[in-house]
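Worksheet: one structure, shown below.
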Amino acid sequence: KRKVEKWKQEFRDNFGKKNTGVPGKERLEIISRYSKKRQTKNTIDEQTWKDLDMDEVYCQMAYTNSSLGDDYLYYLLQNPTEDEMILSEREKKVSVLKEQEEIRIKLQVLYKRIGRIKKYSFSEYLEYLLKEKSGKNGKHYVVDILILLTLPLMYWHIGIGLTAFFCLILYNIVEYFKEKARFEPYLTSLRYLLKNLEYAKVVLQVALLLIMQQV
């Protein structure tokens, strides 16, 4: 509870101010991946983006508190729209959030609870996860059979049998950590997805309050 109260005070103090926190080049590159894969006819090209120093603009605006928020803000800046209806709706939401501090802070706290994946691009690994095919376990079965075969080998020659047994165990350990490292980004993304789904209902309830204030 004390942590949440601290967040709320920070949100009040920082409202309307430039963000002074800088994500860093590596983090910005990760954030930009969502936008780069969803370019439209209005997408600002890379050279123009650099000329306008839009990464700096993004950093000053980035009071987002979740990975999804990071990605989508970058996407909105890189893909500006001229649609008056969309712009009008955004303006209404901004006006309500300015006036309704309680709703604004509730949303910020919820997104802060959801948090970020700092090492990976959530959207990217989620796409990979959906495309990932089940792996083949043939080599694991072969190793398991070979481990069993070391038992009669030990009976025949204890030294050779133990050497073969420990070599196969070592191979299994190395393979386990290799597979673990390969799947870690996917598992992290899956956990993050479940966390988003866990908070989705509450976020929707607060968002409905926001919509009602617009009417």
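Labels used: A, B, ... for chains in the order of the structure tokens, numbers from 1 for residues in each chain, and numbers from 1 for ligands as shown.
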
Test item: residues at most 12 Å from Leu97 (chain A), only C-alpha atoms, excluding those fewer than 2 positions along its chain, as a PyMOL selection string: chain A and resi 15-16+90-95+99-108+206-207+209-211+213-214

Save out the residues we just selected, N, CA and C atoms, as a PDB file, in the first residue's frame.
ATOM      1  N   PHE A  15       2.701  15.119 -13.513  1.00  0.00           N
ATOM      2  CA  PHE A  15       1.675  15.390 -14.524  1.00  0.00           C
ATOM      3  C   PHE A  15       1.927  16.729 -15.229  1.00  0.00           C
ATOM      4  N   GLY A  16       1.949  16.681 -16.554  1.00  0.00           N
ATOM      5  CA  GLY A  16       2.137  17.892 -17.351  1.00  0.00           C
ATOM      6  C   GLY A  16       3.579  18.296 -17.544  1.00  0.00           C
ATOM      7  N   ARG A  90      -9.276  11.377 -29.486  1.00  0.00           N
ATOM      8  CA  ARG A  90      -8.083  11.453 -28.636  1.00  0.00           C
ATOM      9  C   ARG A  90      -8.119  12.715 -27.776  1.00  0.00           C
ATOM     10  N   GLU A  91      -8.508  13.813 -28.392  1.00  0.00           N
ATOM     11  CA  GLU A  91      -8.568  15.094 -27.668  1.00  0.00           C
ATOM     12  C   GLU A  91      -9.569  15.030 -26.516  1.00  0.00           C
ATOM     13  N   LYS A  92     -10.698  14.373 -26.763  1.00  0.00           N
ATOM     14  CA  LYS A  92     -11.708  14.215 -25.704  1.00  0.00           C
ATOM     15  C   LYS A  92     -11.140  13.425 -24.530  1.00  0.00           C
ATOM     16  N   LYS A  93     -10.450  12.328 -24.850  1.00  0.00           N
ATOM     17  CA  LYS A  93      -9.870  11.483 -23.791  1.00  0.00           C
ATOM     18  C   LYS A  93      -8.811  12.239 -23.006  1.00  0.00           C
ATOM     19  N   VAL A  94      -7.989  12.994 -23.712  1.00  0.00           N
ATOM     20  CA  VAL A  94      -6.953  13.789 -23.042  1.00  0.00           C
ATOM     21  C   VAL A  94      -7.595  14.822 -22.112  1.00  0.00           C
ATOM     22  N   SER A  95      -8.650  15.460 -22.579  1.00  0.00           N
ATOM     23  CA  SER A  95      -9.342  16.479 -21.774  1.00  0.00           C
ATOM     24  C   SER A  95      -9.924  15.872 -20.506  1.00  0.00           C
ATOM     25  N   GLU A  99      -8.918  16.553 -16.492  1.00  0.00           N
ATOM     26  CA  GLU A  99      -9.894  17.007 -15.500  1.00  0.00           C
ATOM     27  C   GLU A  99     -10.141  15.980 -14.397  1.00  0.00           C
ATOM     28  N   GLN A 100     -10.115  14.701 -14.756  1.00  0.00           N
ATOM     29  CA  GLN A 100     -10.439  13.639 -13.798  1.00  0.00           C
ATOM     30  C   GLN A 100      -9.163  12.970 -13.276  1.00  0.00           C
ATOM     31  N   GLU A 101      -8.587  13.583 -12.280  1.00  0.00           N
ATOM     32  CA  GLU A 101      -7.317  13.070 -11.736  1.00  0.00           C
ATOM     33  C   GLU A 101      -7.455  11.654 -11.192  1.00  0.00           C
ATOM     34  N   GLU A 102      -8.577  11.364 -10.553  1.00  0.00           N
ATOM     35  CA  GLU A 102      -8.770  10.054  -9.931  1.00  0.00           C
ATOM     36  C   GLU A 102      -8.729   8.937 -10.974  1.00  0.00           C
ATOM     37  N   ILE A 103      -9.445   9.141 -12.095  1.00  0.00           N
ATOM     38  CA  ILE A 103      -9.452   8.141 -13.164  1.00  0.00           C
ATOM     39  C   ILE A 103      -8.055   7.997 -13.760  1.00  0.00           C
ATOM     40  N   ARG A 104      -7.398   9.137 -13.998  1.00  0.00           N
ATOM     41  CA  ARG A 104      -6.053   9.121 -14.592  1.00  0.00           C
ATOM     42  C   ARG A 104      -5.076   8.327 -13.720  1.00  0.00           C
ATOM     43  N   ILE A 105      -5.100   8.582 -12.426  1.00  0.00           N
ATOM     44  CA  ILE A 105      -4.155   7.925 -11.520  1.00  0.00           C
ATOM     45  C   ILE A 105      -4.495   6.447 -11.350  1.00  0.00           C
ATOM     46  N   LYS A 106      -5.776   6.113 -11.364  1.00  0.00           N
ATOM     47  CA  LYS A 106      -6.169   4.696 -11.301  1.00  0.00           C
ATOM     48  C   LYS A 106      -5.576   3.918 -12.469  1.00  0.00           C
ATOM     49  N   LEU A 107      -5.687   4.493 -13.659  1.00  0.00           N
ATOM     50  CA  LEU A 107      -5.124   3.844 -14.850  1.00  0.00           C
ATOM     51  C   LEU A 107      -3.606   3.727 -14.747  1.00  0.00           C
ATOM     52  N   GLN A 108      -2.950   4.798 -14.299  1.00  0.00           N
ATOM     53  CA  GLN A 108      -1.494   4.780 -14.180  1.00  0.00           C
ATOM     54  C   GLN A 108      -1.022   3.712 -13.190  1.00  0.00           C
ATOM     55  N   VAL A 206     -12.208   0.833 -15.506  1.00  0.00           N
ATOM     56  CA  VAL A 206     -11.769   2.233 -15.393  1.00  0.00           C
ATOM     57  C   VAL A 206     -11.929   2.946 -16.733  1.00  0.00           C
ATOM     58  N   ALA A 207     -11.636   2.241 -17.829  1.00  0.00           N
ATOM     59  CA  ALA A 207     -11.781   2.823 -19.168  1.00  0.00           C
ATOM     60  C   ALA A 207     -13.240   3.177 -19.452  1.00  0.00           C
ATOM     61  N   LEU A 209     -15.397   4.119 -17.222  1.00  0.00           N
ATOM     62  CA  LEU A 209     -15.630   5.380 -16.497  1.00  0.00           C
ATOM     63  C   LEU A 209     -15.157   6.578 -17.321  1.00  0.00           C
ATOM     64  N   LEU A 210     -14.017   6.389 -17.985  1.00  0.00           N
ATOM     65  CA  LEU A 210     -13.457   7.435 -18.832  1.00  0.00           C
ATOM     66  C   LEU A 210     -14.404   7.749 -19.996  1.00  0.00           C
ATOM     67  N   ILE A 211     -14.950   6.704 -20.623  1.00  0.00           N
ATOM     68  CA  ILE A 211     -15.866   6.873 -21.745  1.00  0.00           C
ATOM     69  C   ILE A 211     -17.151   7.581 -21.297  1.00  0.00           C
ATOM     70  N   GLN A 213     -17.443   9.689 -18.947  1.00  0.00           N
ATOM     71  CA  GLN A 213     -17.151  11.118 -18.704  1.00  0.00           C
ATOM     72  C   GLN A 213     -17.132  11.907 -20.000  1.00  0.00           C
ATOM     73  N   GLN A 214     -16.887  11.202 -21.137  1.00  0.00           N
ATOM     74  CA  GLN A 214     -16.848  11.885 -22.431  1.00  0.00           C
ATOM     75  C   GLN A 214     -18.241  12.197 -22.960  1.00  0.00           C
TER      76      GLN A 214
END

Within 10 Å of region 22-37 of chain A, counting only C-alpha atoms, which residues show up once you throw out same-chain ones fewer than 2 positions away? Write them as an NGL selection string, please. :A and (19-20 or 39-40 or 43 or 46 or 55-56 or 58-60 or 62 or 67-79 or 118-124)

Please extract the residues of region 4-215 of chain A with a backbone DSSP assignment of alpha helix (DSSP H) and present them as a PyMOL selection string. chain A and resi 4-14+25-36+46-51+54-61+67-78+84-99+101-114+122-131+138-156+158-214

For CA of Pro185 (chain A) and CA of Tyr125 (chain A), determine how far apart the two atoms are, in Å to one decimal place.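 CA of Tyr125 (chain A) lies 6.8 Å from CA of Pro185 (chain A).
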
For Ile117 (chain A), the closest of A:Val203, A:Lys195, A:Ile160, A:Asp13 counting only C-alpha atoms is A:Lys195
